[in-house]
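Q: Compact mmCIF, C-alpha atoms, file upload_28.txt:
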# COMPACT_ATOMS: atom_id res chain seq x y z
CA MET A 4 -16.73 21.09 25.54
CA GLN A 5 -13.94 19.81 27.76
CA THR A 6 -16.03 16.72 28.53
CA ILE A 7 -15.67 15.63 24.90
CA SER A 8 -11.89 15.86 25.08
CA GLU A 9 -11.76 14.03 28.41
CA LYS A 10 -13.91 11.19 27.08
CA LEU A 11 -11.83 10.93 23.92
CA ARG A 12 -8.53 10.85 25.77
CA LYS A 13 -9.77 8.27 28.25
CA TRP A 14 -11.02 6.08 25.41
CA TYR A 15 -7.72 6.57 23.54
CA ARG A 16 -5.56 5.46 26.44
CA ALA A 17 -7.58 2.24 26.69
CA ASN A 18 -7.99 1.48 22.99
CA LYS A 19 -5.19 3.05 20.93
CA ARG A 20 -3.33 0.83 18.50
CA ASP A 21 0.31 -0.01 19.16
CA LEU A 22 1.99 1.83 16.27
CA PRO A 23 5.75 2.44 15.89
CA TRP A 24 5.56 6.20 15.35
CA ARG A 25 3.71 6.58 18.64
CA GLU A 26 6.86 5.49 20.43
CA SER A 27 8.78 8.49 19.09
CA SER A 28 8.94 12.20 19.86
CA ASP A 29 11.29 12.86 16.94
CA PRO A 30 9.60 15.42 14.63
CA TYR A 31 11.20 13.74 11.60
CA ILE A 32 9.55 10.42 12.45
CA ILE A 33 6.18 12.03 13.17
CA TRP A 34 6.45 13.98 9.90
CA ILE A 35 7.14 10.83 7.88
CA SER A 36 4.23 8.98 9.49
CA GLU A 37 1.77 11.82 8.95
CA ILE A 38 2.70 12.30 5.29
CA MET A 39 2.73 8.55 4.63
CA LEU A 40 -0.71 7.99 6.17
CA GLN A 41 -2.41 10.66 4.09
CA GLN A 42 -4.76 8.83 1.70
CA THR A 43 -3.37 5.55 3.07
CA ARG A 44 -4.83 3.11 5.57
CA VAL A 45 -2.66 2.30 8.59
CA ALA A 46 -2.67 -1.41 7.71
CA GLN A 47 -1.22 -0.58 4.28
CA GLY A 48 1.23 2.06 5.46
CA TYR A 49 2.62 0.18 8.48
CA ASP A 50 5.27 -1.89 6.67
CA TYR A 51 6.10 0.96 4.32
CA PHE A 52 6.81 3.18 7.33
CA LEU A 53 9.18 0.59 8.82
CA ARG A 54 11.03 0.12 5.52
CA PHE A 55 11.20 3.82 4.75
CA THR A 56 12.52 4.86 8.16
CA ALA A 57 14.98 1.96 8.18
CA ARG A 58 16.36 3.13 4.82
CA PHE A 59 16.11 6.86 5.69
CA PRO A 60 16.37 7.04 9.50
CA ASP A 61 16.90 10.79 9.65
CA VAL A 62 16.62 13.92 7.57
CA LYS A 63 20.27 13.66 6.46
CA ALA A 64 19.77 10.20 4.95
CA LEU A 65 16.64 11.30 3.12
CA ALA A 66 18.18 14.54 1.86
CA GLU A 67 21.29 12.81 0.49
CA ALA A 68 19.34 10.08 -1.33
CA SER A 69 18.49 10.29 -5.02
CA GLU A 70 14.90 10.80 -6.13
CA ASP A 71 14.95 7.36 -7.75
CA GLU A 72 15.95 5.78 -4.40
CA VAL A 73 13.14 7.58 -2.58
CA LEU A 74 10.52 6.64 -5.16
CA LYS A 75 11.70 3.02 -5.20
CA CYS A 76 11.25 2.84 -1.42
CA TRP A 77 7.78 4.39 -1.82
CA GLU A 78 6.86 2.10 -4.73
CA GLY A 79 3.32 0.72 -4.48
CA LEU A 80 2.11 3.21 -1.87
CA GLY A 81 0.64 5.62 -4.41
CA TYR A 82 0.24 9.40 -4.43
CA TYR A 83 3.91 9.75 -5.33
CA SER A 84 3.92 13.53 -5.04
CA ARG A 85 4.05 12.89 -1.28
CA ALA A 86 7.41 11.15 -1.65
CA ARG A 87 8.81 13.84 -3.95
CA ASN A 88 7.68 16.57 -1.56
CA LEU A 89 9.21 14.72 1.41
CA HIS A 90 12.48 14.51 -0.46
CA ALA A 91 12.46 18.21 -1.40
CA ALA A 92 11.57 19.28 2.14
CA ALA A 93 14.28 17.05 3.63
CA LYS A 94 16.87 18.68 1.37
CA HIS A 95 15.66 22.10 2.46
CA VAL A 96 15.89 21.18 6.15
CA PHE A 97 19.32 19.59 5.79
CA TYR A 98 21.02 22.01 3.43
CA ASP A 99 19.26 25.29 4.25
CA LEU A 100 18.26 24.88 7.91
CA GLY A 101 21.39 23.13 9.15
CA GLY A 102 19.66 19.78 9.54
CA VAL A 103 17.48 21.06 12.39
CA PHE A 104 13.80 20.28 11.92
CA PRO A 105 11.70 23.44 12.50
CA ASP A 106 9.72 23.58 15.73
CA THR A 107 6.97 26.11 15.04
CA TYR A 108 3.69 25.71 13.20
CA GLU A 109 4.46 28.48 10.69
CA LYS A 110 7.93 27.16 9.80
CA ILE A 111 6.71 23.57 9.44
CA LEU A 112 3.79 24.77 7.33
CA SER A 113 6.30 26.37 4.94
CA LEU A 114 7.89 22.99 4.12
CA LYS A 115 6.97 21.62 0.72
CA GLY A 116 4.03 19.22 0.86
CA VAL A 117 3.02 20.19 4.41
CA GLY A 118 -0.50 21.50 4.91
CA GLU A 119 -2.35 22.83 7.92
CA TYR A 120 -3.33 19.36 9.15
CA THR A 121 0.21 17.96 9.02
CA ALA A 122 1.77 21.02 10.65
CA ALA A 123 -0.81 20.91 13.45
CA ALA A 124 -0.26 17.19 13.98
CA ILE A 125 3.52 17.55 14.25
CA VAL A 126 3.64 20.51 16.64
CA SER A 127 0.90 19.12 18.87
CA ILE A 128 2.24 15.57 19.06
CA VAL A 129 5.90 16.52 19.47
CA TRP A 130 5.70 19.74 21.52
CA ASN A 131 2.05 19.76 22.71
CA GLN A 132 1.44 23.07 20.96
CA PRO A 133 -2.29 23.94 20.87
CA TYR A 134 -3.14 23.45 17.20
CA ALA A 135 -6.18 21.35 16.35
CA VAL A 136 -6.03 18.80 13.55
CA VAL A 137 -8.83 18.44 11.03
CA ASP A 138 -8.72 15.41 8.73
CA GLY A 139 -11.36 13.06 7.34
CA ASN A 140 -11.78 11.31 10.68
CA VAL A 141 -12.21 14.60 12.54
CA TYR A 142 -14.74 15.88 10.00
CA ARG A 143 -16.78 12.71 10.47
CA VAL A 144 -16.71 12.73 14.28
CA LEU A 145 -17.55 16.40 14.66
CA SER A 146 -20.17 16.53 11.91
CA ARG A 147 -22.03 13.66 13.56
CA LEU A 148 -21.66 14.89 17.13
CA PHE A 149 -23.14 18.27 16.24
CA ALA A 150 -25.21 17.28 13.15
CA LEU A 151 -23.41 19.90 11.07
CA GLU A 152 -24.83 20.07 7.56
CA VAL A 153 -22.33 22.59 6.19
CA PRO A 154 -20.36 20.89 3.37
CA ILE A 155 -16.83 19.98 4.43
CA ASP A 156 -15.41 20.66 0.95
CA THR A 157 -16.15 24.40 1.02
CA GLY A 158 -14.16 27.30 2.42
CA MET A 159 -16.90 28.11 4.89
CA GLY A 160 -17.18 24.49 5.99
CA LYS A 161 -13.45 24.15 6.57
CA LYS A 162 -13.41 27.33 8.64
CA ILE A 163 -16.36 26.21 10.79
CA PHE A 164 -14.91 22.76 11.43
CA TYR A 165 -11.47 24.10 12.31
CA THR A 166 -13.02 26.51 14.82
CA LEU A 167 -15.08 23.70 16.35
CA ALA A 168 -12.08 21.33 16.45
CA ALA A 169 -10.14 23.98 18.39
CA GLU A 170 -13.04 24.51 20.79
CA VAL A 171 -13.43 20.85 21.75
CA MET A 172 -9.66 20.38 22.22
CA ASP A 173 -8.18 20.69 25.71
CA CYS A 174 -5.08 22.78 25.02
CA ASN A 175 -3.28 21.25 27.98
CA TYR A 176 -3.36 17.87 26.22
CA ALA A 177 -3.27 18.96 22.59
CA GLY A 178 -1.15 16.10 21.29
CA GLU A 179 -3.08 13.37 23.06
CA HIS A 180 -6.42 14.92 22.11
CA ASN A 181 -5.52 15.16 18.41
CA GLN A 182 -4.37 11.57 18.30
CA ALA A 183 -7.46 10.48 20.22
CA ILE A 184 -10.03 12.10 17.94
CA MET A 185 -8.31 10.77 14.82
CA GLU A 186 -8.07 7.28 16.31
CA PHE A 187 -11.71 7.40 17.39
CA GLY A 188 -12.77 8.25 13.86
CA ALA A 189 -10.60 5.49 12.44
CA LEU A 190 -11.77 2.73 14.82
CA CYS A 191 -15.25 3.67 16.05
CA CYS A 192 -16.97 6.48 14.16
CA LEU A 193 -16.59 4.62 10.88
CA PRO A 194 -17.80 5.88 7.50
CA ARG A 195 -20.11 2.87 7.20
CA ASN A 196 -21.84 0.81 9.86
CA PRO A 197 -20.48 2.50 13.00
CA ASP A 198 -21.47 0.77 16.24
CA CYS A 199 -23.38 3.77 17.60
CA PHE A 200 -25.12 1.80 20.34
CA LEU A 201 -21.80 1.19 22.11
CA CYS A 202 -20.30 4.60 21.26
CA ILE A 203 -19.02 6.69 24.18
CA PHE A 204 -20.95 9.65 22.73
CA SER A 205 -24.26 7.94 22.04
CA ASP A 206 -25.92 10.09 24.72
CA ILE A 207 -24.92 13.39 23.14
CA CYS A 208 -24.41 12.62 19.42
CA GLN A 209 -27.01 14.69 17.57
CA ALA A 210 -26.79 12.67 14.36
CA TYR A 211 -27.51 9.48 16.32
CA THR A 212 -30.43 11.15 18.10
CA LEU A 213 -31.86 12.21 14.73
CA GLY A 214 -31.27 8.77 13.20
CA LYS A 215 -29.18 10.37 10.45
CA VAL A 216 -25.64 9.15 11.16
CA SER A 217 -25.11 7.99 7.55
CA PHE A 218 -25.92 11.48 6.25
CA PHE A 219 -22.80 13.03 7.81
CA PRO A 220 -20.45 14.51 6.83
CA HIS A 221 -21.88 16.44 3.88
CA LYS A 222 -19.98 17.27 0.70
CA GLN A 223 -20.91 19.90 -1.85
CA GLY A 224 -20.24 17.80 -4.91
CA LYS A 225 -17.99 15.33 -6.65
CA THR A 226 -15.13 16.11 -8.99
CA LYS A 227 -15.76 15.03 -12.57
CA THR A 228 -14.05 11.75 -13.45
CA ARG A 229 -11.59 11.70 -16.35
CA TYR A 230 -11.36 8.58 -18.55
CA ARG A 231 -8.08 7.68 -20.24
CA TYR A 232 -6.97 4.86 -22.56
CA PHE A 233 -3.41 3.58 -22.14
CA TYR A 234 -1.64 1.16 -24.50
CA TYR A 235 1.69 -0.06 -23.19
CA PHE A 236 4.36 -1.81 -25.27
CA HIS A 237 6.73 -4.19 -23.54
CA VAL A 238 9.48 -3.79 -26.12
CA GLN A 239 12.41 -6.19 -25.93
CA ASN A 240 15.56 -6.54 -27.97
CA GLU A 241 17.06 -9.84 -26.84
CA ASP A 242 17.66 -9.32 -23.08
CA GLN A 243 17.09 -5.56 -23.20
CA THR A 244 13.85 -3.81 -22.13
CA PHE A 245 12.87 -0.23 -22.98
CA LEU A 246 11.63 2.12 -20.26
CA HIS A 247 10.39 5.69 -20.05
CA LYS A 248 10.54 8.01 -17.03
CA ARG A 249 7.35 9.99 -16.55
CA ILE A 250 7.82 13.75 -16.42
CA ALA A 251 6.12 16.49 -14.40
CA GLY A 252 2.57 17.59 -15.04
CA ASP A 253 0.80 14.23 -14.93
CA ILE A 254 0.29 11.18 -12.75
CA TRP A 255 3.28 9.17 -11.52
CA GLN A 256 5.87 11.88 -12.02
CA GLY A 257 9.39 10.46 -11.72
CA LEU A 258 8.32 6.80 -11.98
CA TYR A 259 9.24 4.46 -14.81
CA GLU A 260 6.92 2.80 -17.29
CA LEU A 261 6.96 0.97 -20.60
CA PRO A 262 6.63 2.89 -23.88
CA LEU A 263 3.09 4.23 -23.98
CA ILE A 264 0.52 5.48 -26.45
CA GLU A 265 -2.53 7.22 -24.97
CA THR A 266 -5.66 7.70 -27.06
CA ALA A 267 -8.81 9.75 -26.53
CA GLU A 268 -11.03 6.75 -27.30
CA PRO A 269 -10.63 2.94 -27.14
CA ALA A 270 -8.58 1.55 -30.05
CA ASP A 271 -7.78 -1.92 -31.35
CA PHE A 272 -4.29 -2.85 -32.52
CA SER A 273 -4.95 -2.11 -36.19
CA GLU A 274 -6.06 1.39 -35.23
CA LEU A 275 -2.99 1.86 -33.02
CA GLN A 276 -0.73 0.89 -35.91
CA GLU A 277 -2.16 3.72 -37.98
CA THR A 278 -1.34 6.40 -35.40
CA GLU A 279 1.65 8.68 -35.91
CA ALA A 280 2.84 7.81 -32.41
CA PHE A 281 3.06 4.08 -33.24
CA LYS A 282 4.76 4.66 -36.60
CA LYS A 283 7.32 6.97 -35.02
CA MET A 284 7.97 4.59 -32.10
CA PHE A 285 8.76 1.58 -34.27
CA GLU A 286 10.34 3.15 -37.36
CA ASP A 287 13.48 1.35 -38.54
CA CYS A 288 12.89 -1.57 -36.16
CA GLY A 289 12.52 -4.08 -38.96
CA LYS A 290 10.54 -7.25 -38.33
CA THR A 291 8.62 -7.30 -35.06
CA ASP A 292 6.99 -10.14 -33.13
CA ILE A 293 3.83 -8.83 -31.46
CA SER A 294 1.56 -10.47 -28.88
CA LEU A 295 -1.29 -9.27 -26.70
CA GLU A 296 -0.32 -9.78 -23.06
CA LEU A 297 -3.07 -8.17 -20.95
CA SER A 298 -6.23 -6.30 -21.86
CA GLY A 299 -9.39 -5.03 -20.22
CA ILE A 300 -7.58 -3.68 -17.17
CA LYS A 301 -9.47 -0.95 -15.32
CA HIS A 302 -7.23 1.03 -13.00
CA VAL A 303 -8.93 3.57 -10.74
CA LEU A 304 -7.13 6.67 -9.46
CA SER A 305 -8.45 9.78 -7.75
CA HIS A 306 -10.80 11.37 -10.27
CA GLN A 307 -9.35 9.29 -13.12
CA ILE A 308 -10.13 5.87 -14.55
CA LEU A 309 -7.55 4.23 -16.81
CA TYR A 310 -8.43 1.49 -19.30
CA VAL A 311 -5.21 -0.31 -20.06
CA THR A 312 -3.84 -2.82 -22.57
CA PHE A 313 -0.36 -4.34 -22.68
CA TYR A 314 1.39 -5.66 -25.77
CA ARG A 315 4.72 -7.45 -25.89
CA ILE A 316 6.87 -6.62 -28.91
CA ASN A 317 10.18 -8.28 -29.73
CA ILE A 318 12.35 -6.35 -32.18
CA LYS A 319 15.46 -7.14 -34.19
CA ASN A 320 16.78 -3.60 -34.48
CA THR A 321 16.61 -0.56 -32.23
CA GLY A 322 15.26 2.09 -34.55
CA ARG A 323 15.40 5.86 -34.24
CA GLY A 324 11.95 5.98 -32.63
CA LEU A 325 13.14 4.02 -29.61
CA GLU A 326 16.33 5.99 -29.02
CA ARG A 327 14.54 8.33 -26.60
CA TYR A 328 13.76 5.40 -24.27
CA LYS A 329 16.07 3.99 -21.61
CA GLN A 330 17.37 0.59 -22.65
CA ILE A 331 18.29 -1.65 -19.72
CA PRO A 332 19.02 -5.35 -19.10
CA SER A 333 15.73 -7.04 -18.22
CA GLU A 334 17.31 -8.56 -15.12
CA ASN A 335 17.77 -5.02 -13.73
CA LEU A 336 14.09 -4.05 -13.87
CA LYS A 337 13.78 -4.62 -10.12
CA GLU A 338 16.00 -1.59 -9.52
CA TYR A 339 13.46 0.84 -10.96
CA ALA A 340 10.36 2.31 -9.32
CA PHE A 341 7.11 1.61 -11.17
CA PRO A 342 3.51 2.67 -10.51
CA ARG A 343 1.20 -0.03 -9.19
CA LEU A 344 -0.30 -0.53 -12.65
CA LEU A 345 3.06 -1.65 -14.03
CA GLN A 346 3.65 -3.87 -11.01
CA ILE A 347 0.37 -5.61 -11.85
CA TYR A 348 1.68 -6.23 -15.34
CA TRP A 349 5.00 -7.66 -14.14
CA GLU A 350 3.17 -9.95 -11.72
CA LYS A 351 0.58 -11.23 -14.19
CA ALA A 352 2.41 -11.34 -17.47
CA GLY A 353 5.99 -10.20 -17.22
CA GLY A 354 7.13 -12.22 -14.27
CA LYS A 355 7.13 -10.79 -10.73
CA LEU A 356 10.09 -8.55 -10.03
CA SER A 357 12.14 -9.44 -6.98
CA ASN A 358 13.33 -6.73 -4.61
Represent the structure of the file as structure tokens.
A:
Amino acid sequence: MQTISEKLRKWYRANKRDLPWRESSDPYIIWISEIMLQQTRVAQGYDYFLRFTARFPDVKALAEASEDEVLKCWEGLGYYSRARNLHAAAKHVFYDLGGVFPDTYEKILSLKGVGEYTAAAIVSIVWNQPYAVVDGNVYRVLSRLFALEVPIDTGMGKKIFYTLAAEVMDCNYAGEHNQAIMEFGALCCLPRNPDCFLCIFSDICQAYTLGKVSFFPHKQGKTKTRYRYFYYFHVQNEDQTFLHKRIAGDIWQGLYELPLIETAEPADFSELQETEAFKKMFEDCGKTDISLELSGIKHVLSHQILYVTFYRINIKNTGRGLERYKQIPSENLKEYAFPRLLQIYWEKAGGKLSN
């Protein structure tokens, strides 16, 4: 088993990417990078990491920031619960733990938003503690090396893979090994079209020997996709725009959006006008000038597909139905954090917001 770790670490030293978080042994910096790169490609997260750590260079800066500031800095990266959890955990470390980042696996695991993978990555990379990481890259490498058919999305599968990941790791080089196996999965043992002929493990990879590389890793099944129909209204009263802050319990918690009506089925504008939500939103507004701005937008999220239409509505009066929305000068829109879907709208129809 040690031969696998030795090969990985030798390959890593020759081929690893030059990434800013690899220059640091600060647990705060490693924590930010690990959370940020979950569900995010390195190429996408690279600039976000630099901006985020420049704005929040330590746990104190992050803890003392407002949630709106944190979400604005995260804007466009997606999976916003990561940013909210980072913020909550930073406040806990700063206010409850005296600003000292915990240095054990169990204590780091107790931080909000930190799972077994992240805790293992931090303690191994920073302090070389012998905890194996298991992420998508590790699942792929190990499942192919050993032709493991157990589904990775089951309790039994996760237990088997964690045990195997610990067995192949050389505990004397835990941090380097963990980074090496993740980097190898990201650069060589690719999900599609891996270059197996030149792979350092081509002589021992069981999936390659069987000619079944594309069959690994296995998953038990897919989560059912939810379809949703969003109708946004870009409501303006002279130079004022109306916004709504999304609440907990749904996508994009804490981000801002335009007034929204969601329907169970597709609806045209005449059908929207007949809904109680539309009548309540625009009661007492008087004459309105309505135009269709964007339609037919398909926005894909994890296990959800949104079909989205945008209308622009100019009003003469701010009626009672709009009082629950935040009314701001349109020139200040750039100060608010929006989900990517709204950014698409500003870029295509509303005018790109400057930062």
Q: Can you list, as a list of chain:residue names, every protein, DNA or RNA residue that comes within 8 Å of segment 208-214 of chain A when you count all atoms listed in the file, leaving out same-chain residues fewer than 3 positions away?
A: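 Here the answer would be A:Arg147, A:Leu148, A:Phe149, A:Ala150, A:Cys199, A:Phe204, A:Ser205, A:Phe219.
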Q: Store the residues picked out above, limited to C-alpha atoms, as a PDB file, in the coordinates of the input.
A:
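What landed in result33.pdb:
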ATOM      1  CA  ARG A 147     -22.030  13.660  13.560  1.00  0.00           C
ATOM      2  CA  LEU A 148     -21.660  14.890  17.130  1.00  0.00           C
ATOM      3  CA  PHE A 149     -23.140  18.270  16.240  1.00  0.00           C
ATOM      4  CA  ALA A 150     -25.210  17.280  13.150  1.00  0.00           C
ATOM      5  CA  CYS A 199     -23.380   3.770  17.600  1.00  0.00           C
ATOM      6  CA  PHE A 204     -20.950   9.650  22.730  1.00  0.00           C
ATOM      7  CA  SER A 205     -24.260   7.940  22.040  1.00  0.00           C
ATOM      8  CA  PHE A 219     -22.800  13.030   7.810  1.00  0.00           C
TER       9      PHE A 219
END
Q: What are the closest atom pairs, with distances in Å to one decimal, for all residues of segment 238-274 of chain A lying within 9 Å of segment 333-354 of chain A? Consider all atoms listed in the file, order rows by chain and residue number, and present the result as a tab-separated table.
A:
residue	atom	partner	partner_atom	distance
A:Gln239	CA	A:Ser333	CA	8.4
A:Asp242	CA	A:Ser333	CA	5.7
A:Gln243	CA	A:Ser333	CA	5.4
A:Thr244	CA	A:Ser333	CA	5.4
A:Phe245	CA	A:Ser333	CA	8.8
A:Trp255	CA	A:Pro342	CA	6.6
A:Gly257	CA	A:Ala340	CA	8.6
A:Leu258	CA	A:Phe341	CA	5.4
A:Tyr259	CA	A:Phe341	CA	5.1
A:Glu260	CA	A:Phe341	CA	6.2
A:Leu261	CA	A:Leu345	CA	8.1
Q: For Lys248 of chain A, which of A:Ala189, A:Val62, A:Leu263, A:Met159 is the closest residue, counting all atoms listed in the file?
A: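 For Lys248 of chain A, the nearest of the candidates is A:Leu263.
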Q: Counting all atoms listed in the file, which residues come within 10 Å of (-17.9, 6.9, 22.2), with the point read in the file's coordinates, and could you list them as an MDAnalysis selection string?
A: chainID A and resid 7 10:11 14 144 187:188 191:192 198:208
Q: Is it possible to get the residues within 6 Å of (10.2, 11.1, -3.1) (coordinates as in the file, counting only C-alpha atoms) written as an MDAnalysis selection string?
A: chainID A and resid 70 73:74 86:87 89:90
Q: Could the residues in this selection be saved with C-alpha atoms as a JSON list (two decimals), in the coordinates of the input?
A:
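Output saved as selection_4.json:
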[["chain", "number", "residue", "atom", "x", "y", "z"],
["A", 70, "GLU", "CA", 14.90, 10.80, -6.13],
["A", 73, "VAL", "CA", 13.14, 7.58, -2.58],
["A", 74, "LEU", "CA", 10.52, 6.64, -5.16],
["A", 86, "ALA", "CA", 7.41, 11.15, -1.65],
["A", 87, "ARG", "CA", 8.81, 13.84, -3.95],
["A", 89, "LEU", "CA", 9.21, 14.72, 1.41],
["A", 90, "HIS", "CA", 12.48, 14.51, -0.46]]
Q: Neighbours of segment 127-129 of chain A within 8 Å (all atoms listed in the file; same-chain residues fewer than 2 positions away dropped), as a list of chain:residue names?
A: A:Ser28, A:Asp29, A:Pro30, A:Ile33, A:Ala123, A:Ala124, A:Ile125, A:Asn131, A:Gln132, A:Pro133, A:Tyr134, A:Ala135, A:Ala177, A:Gly178, A:Glu179, A:Asn181, A:Gln182
Q: For the structure just given, write the atoms of segment 220-238 of chain A, namely C-alpha atoms, as a compact mmCIF listing (two decimals), in the first residue's frame.
A:
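File produced: part.txt:
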# COMPACT_ATOMS: atom_id res chain seq x y z
CA PRO A 220 -17.07 5.14 -9.46
CA HIS A 221 -20.55 3.69 -9.02
CA LYS A 222 -23.52 5.57 -7.60
CA GLN A 223 -26.71 4.05 -6.25
CA GLY A 224 -29.09 6.47 -7.90
CA LYS A 225 -29.87 10.04 -8.82
CA THR A 226 -31.89 12.52 -6.80
CA LYS A 227 -35.18 13.47 -8.42
CA THR A 228 -35.03 16.83 -10.21
CA ARG A 229 -37.45 19.56 -9.16
CA TYR A 230 -38.83 21.95 -11.81
CA ARG A 231 -39.77 25.51 -10.86
CA TYR A 232 -41.20 28.48 -12.77
CA PHE A 233 -39.99 31.94 -11.74
CA TYR A 234 -41.46 35.25 -12.96
CA TYR A 235 -39.43 38.27 -11.92
CA PHE A 236 -40.65 41.87 -12.05
CA HIS A 237 -38.09 44.63 -12.46
CA VAL A 238 -40.27 47.28 -10.83
